[in-house]
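Chemist: Sharing a structure with you now.
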Amino acid sequence: MIKIKTLGGYSKIGKSMTAIEVDGDIVITDMGADIERLIDYEDEKANISVADSDALIKNGVIPDDTDFFREHGKNVKAIVLTHGHLDHIWAVPFLAKKYMCPIISTHFTAKIIEHVARNAKQKDLKIVKLNTGNKYKLSENISIELVHITHSIPQTAIVVIHTAYGAILYANDWKFDNTPTLGKKPDYERLEQLSKEGIHTFISDSTNADKEGYTFSEIVVRTMLEDVIKKTLNNKTIFVTTFSSHIARIKNIVEISRKTGRRVLIFGRSMDMYIKAAVESGIIEKSTLPQVALKRDQIDGLMRYVKTKPGKYLIICTGHQGERGAFLDKLVTGQYEYKLSRDDAVIFSSRTIPTPLNMANRAMLQNALTDLNVDVADEVHVSGHASKNDHKMMIKMLKPKHYIPSHGGIEKLTAAIETAKEFGYELGKTSHLLLDNQEIVFD
Ligand SMILES: [Zn+2]
């Protein structure tokens, strides 16, 4: 018997957490935060620790696993994490320990979780580091395998649960990048092999399932960035803001800057965290990227020098969503000595995640930049999530018996269900629309 229970990430994006039961043994995949609610909570309370776990559940920041734990906690054999985005791993230090089972992830993901745990004063959290391509036996009924897939953060994995009924694949999040600029392309060979062996259920990211076409490769953004950076007038200082976890993007920006004769500086606390994790897990050499300057006087000192060398610097920084407290926000609100002017250009290598808070923050940031006469280039970016045609490719390749979209909200889930219909999947029989805190049983 297979039972799948959705604990978070189905009714809306965020708080990803799913419990997959096979003949009484349970694997939990992902344990994330609702990022919007987390930002709200952080506004009220600066230092969040494990002592806040109940309050975090109550405020909807992390999944509510209270009832699930009471009923099934002792049957959980492992918690497996797909990748290091906070909507997939942030809740680990707050929820995982009580299950008394191994926590499994790739090396880079483990480094991010360890960092979040340290911040939450959860000292003795141990993570089993499993490379993609490797298996881990959990019980007589199940073993775990991680299969390499591309996304927008290094070492993303599809979790494969091997069972007597066939494999269960949990793919949150993914895109097909056949020309990634860091790391390998998806492990198609292994996915095809798993398809031949028989896939019982495929649980899939559906974030962009309603978007026509294919999601472009990261190599496209590299070209776009090179174009924009070269076009920027050579008397201007360039600021590029992007996702701190997107190590491939950051590495590309550094390489392009150096190629175009600009020196690079990197600012922002989360940049520092993700870059350190990438170095520690052997993804990039320490010498590849400059050290991130964190202290205010250090930043002011460096920026004083930048002001004297117009056109000679490119600064990679946080703040692309207009979020308060990030480098770009502090810069436009005058919290550093450096004053932005017509001598500066800001490139957003990002897309504003369309939540009311982000849209408002981003509009305010845009207005401030316009008032300061700063050149702006927006959306020099491609998504880390598969589009409709990619979903078709994946379903056609895997041929699962059952298809369950996740990571969406009803509109995205419905779009994914519609796509699956083209391949003969019938809603309620072979494709299943689950919202949070629902379950489905396969006898
Ligand atoms: Zn992600």
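If you're wondering about the labels, chains in the structure tokens are A, B, ... by order shown, residues count from 1 in each chain, ligands from 1 in order shown.
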Once you count only C-alpha atoms and all ligand atoms, which residues end up within 7 Å of ligand 1, and could you hand them over as JSON, numbers by chain?
Modeler: {"A": [83, 85, 151, 152, 172, 173]}
Chemist: I need the residues in region 180-224 of chain A that are strand (DSSP E or B) according to DSSP; give them as a PyMOL selection string.
Modeler: chain A and resi 199-205
Chemist: Could the residues in this selection be saved with C-alpha atoms as an mmCIF file, in the first residue's frame?
Modeler:
data_model
loop_
_atom_site.group_PDB
_atom_site.id
_atom_site.type_symbol
_atom_site.label_atom_id
_atom_site.label_comp_id
_atom_site.auth_asym_id
_atom_site.auth_seq_id
_atom_site.Cartn_x
_atom_site.Cartn_y
_atom_site.Cartn_z
ATOM 1 C CA ILE A 199 7.415 4.387 -12.142
ATOM 2 C CA HIS A 200 4.419 4.182 -9.842
ATOM 3 C CA THR A 201 3.952 7.876 -9.075
ATOM 4 C CA PHE A 202 5.546 11.094 -10.284
ATOM 5 C CA ILE A 203 5.135 14.151 -8.041
ATOM 6 C CA SER A 204 6.210 17.221 -10.001
ATOM 7 C CA ASP A 205 6.942 20.941 -9.643
#
Chemist: Compile a residue-level contact table for region 233-300 of chain A against region 347-360 of chain A at a cut-off of 8 Å, reporting for every qualifying residue the shortest atom pair and its distance in Å to one decimal, with only C-alpha atoms counted, rows ordered by chain and ascending number, as CSV.
Modeler:
residue,atom,partner,partner_atom,distance
A:Ile238,CA,A:Ile347,CA,7.4
A:Phe239,CA,A:Ile347,CA,6.1
A:Val240,CA,A:Ile347,CA,4.7
A:Thr241,CA,A:Phe348,CA,5.2
A:Thr242,CA,A:Ser349,CA,5.0
A:Phe243,CA,A:Ser350,CA,7.0
Chemist: Go through A:Pro290, A:Ser244, A:Ser257, A:Lys401 one by one, measure the shortest atom-to-atom distance of each to Met271 (chain A) using only C-alpha atoms, and give the residue with the smallest value.
Modeler: A:Ser244
Chemist: Counting only C-alpha atoms, what is within 12 Å of Asp67 (chain A), bar same-chain residues fewer than 5 positions away, as number ranges by chain?
Modeler: A: 7, 72-73, 437
Chemist: I'd like to know which residues of region 2-90 of chain A are helix (DSSP H, G or I) (by DSSP, run on the backbone); could you write them as a ChimeraX atom specification?
Modeler: /A:35-44,50-58,66-75,86-89
Chemist: Between A:Lys185, A:Lys121, A:Arg70, A:Lys12, which has the minimum distance to Pro93 (chain A) (counting only C-alpha atoms)?
Modeler: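 Result for the nearest residue to Pro93 (chain A): A:Lys121.
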Chemist: Counting only C-alpha atoms, which of A:Leu146, A:Val61, A:Ala55, A:Ile153 gets nearest to Gly183 (chain A)?
Modeler: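 With only C-alpha atoms as the atom set, the closest residue is A:Ile153.
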Chemist: Residues within 12 Å of Thr66 (chain A), please, as a list in words. Count only C-alpha atoms; anything in the same chain fewer than 2 positions from it doesn't count.
Modeler: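 Skipping anything fewer than 2 positions along the chain leaves Leu7, Ser53, Asp54, Ile57, Lys58, Ile62, Pro63, Asp64, Phe68, Phe69, Arg70, Glu71, His72, Gly73, Leu95, Ala96, Lys98, Tyr99 and Asn437 of chain A.
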Chemist: One decimal, in Å: what's the spacing between CA of Ile275 (chain A) and CA of Lys230 (chain A)?
Modeler: 25.3 Å
Chemist: Identify, on the basis of only C-alpha atoms, every residue whose closest approach to region 370-387 of chain A does not exceed 7 Å; exclude the query and any residue fewer than 5 positions from it along the same chain; express the result as a PyMOL selection string.
Modeler: chain A and resi 151-152+173-176+207-209+211-216+218+221+224-225+340-342+344-351
Chemist: With distances taken over only C-alpha atoms, which residue among A:Asn178, A:Thr260, A:Thr163, A:Ser49 lies nearest Val116 (chain A)?
Modeler: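 The closest residue to Val116 (chain A) is A:Ser49.
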Chemist: Rank A:Tyr403, A:Tyr274, A:Gly268, A:Lys45 by their smallest atom-to-atom distance to Asp329 (chain A), using only C-alpha atoms, and report the top residue only.
Modeler: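 Once distances to Asp329 (chain A) are computed over only C-alpha atoms, the minimum belongs to A:Gly268.
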Chemist: Applying 9 Å and only C-alpha atoms, which residues near Pro186 (chain A) remain after dropping the ones on its own chain fewer than 2 positions away? List them as an mmCIF file with C-alpha atoms, in the first residue's frame.
Modeler:
data_model
loop_
_atom_site.group_PDB
_atom_site.id
_atom_site.type_symbol
_atom_site.label_atom_id
_atom_site.label_comp_id
_atom_site.auth_asym_id
_atom_site.auth_seq_id
_atom_site.Cartn_x
_atom_site.Cartn_y
_atom_site.Cartn_z
ATOM 1 C CA VAL A 147 18.971 11.677 -9.392
ATOM 2 C CA HIS A 148 20.652 14.796 -10.742
ATOM 3 C CA ILE A 149 18.342 17.404 -12.275
ATOM 4 C CA THR A 150 18.881 21.056 -13.234
ATOM 5 C CA LYS A 175 13.885 22.494 -15.349
ATOM 6 C CA PHE A 176 15.592 20.872 -18.325
ATOM 7 C CA ASP A 177 18.837 22.745 -18.912
ATOM 8 C CA ASN A 178 20.824 20.941 -21.584
ATOM 9 C CA LYS A 184 25.938 18.731 -15.527
ATOM 10 C CA TYR A 188 18.306 11.619 -18.705
ATOM 11 C CA GLU A 189 19.928 8.202 -18.898
ATOM 12 C CA LEU A 191 15.456 8.780 -15.727
#
Chemist: A:Ile161, A:Ala415, A:Ala363, A:Ala91: which is nearest Asn389 (chain A), counting only C-alpha atoms?
Modeler: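 Smallest distance to Asn389 (chain A) is found for A:Ala415.
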Chemist: Can you measure CA of Leu56 (chain A) to CA of Ile89 (chain A) for me? One decimal in Å is fine.
Modeler: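 Pair CA of Leu56 (chain A) / CA of Ile89 (chain A) returns 14.4 Å.
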Chemist: Quick one: pull the distance between CA of His432 (chain A) and CA of Leu413 (chain A), Å, one decimal.
Modeler: 9.3 Å
Chemist: Can you list, as an MDAnalysis selection string, every protein, DNA or RNA residue that comes within 9 Å of Ile35 (chain A) when you count only C-alpha atoms, leaving out same-chain residues fewer than 4 positions away?
Modeler: chainID A and resid 14:15 39:40 61 86:87
Chemist: Write out, as a PDB file, in the first residue's frame, the residues just selected, with C-alpha atoms.
Modeler:
ATOM      1  CA  GLY A  14       6.072  27.571  -0.130  1.00  0.00           C
ATOM      2  CA  LYS A  15       6.232  25.260   2.897  1.00  0.00           C
ATOM      3  CA  ILE A  39       9.674  37.809   6.098  1.00  0.00           C
ATOM      4  CA  ASP A  40       6.650  39.076   8.072  1.00  0.00           C
ATOM      5  CA  VAL A  61       5.702  30.084   8.445  1.00  0.00           C
ATOM      6  CA  LEU A  86      14.448  27.972   1.646  1.00  0.00           C
ATOM      7  CA  ASP A  87      10.884  27.073   0.651  1.00  0.00           C
TER       8      ASP A  87
END
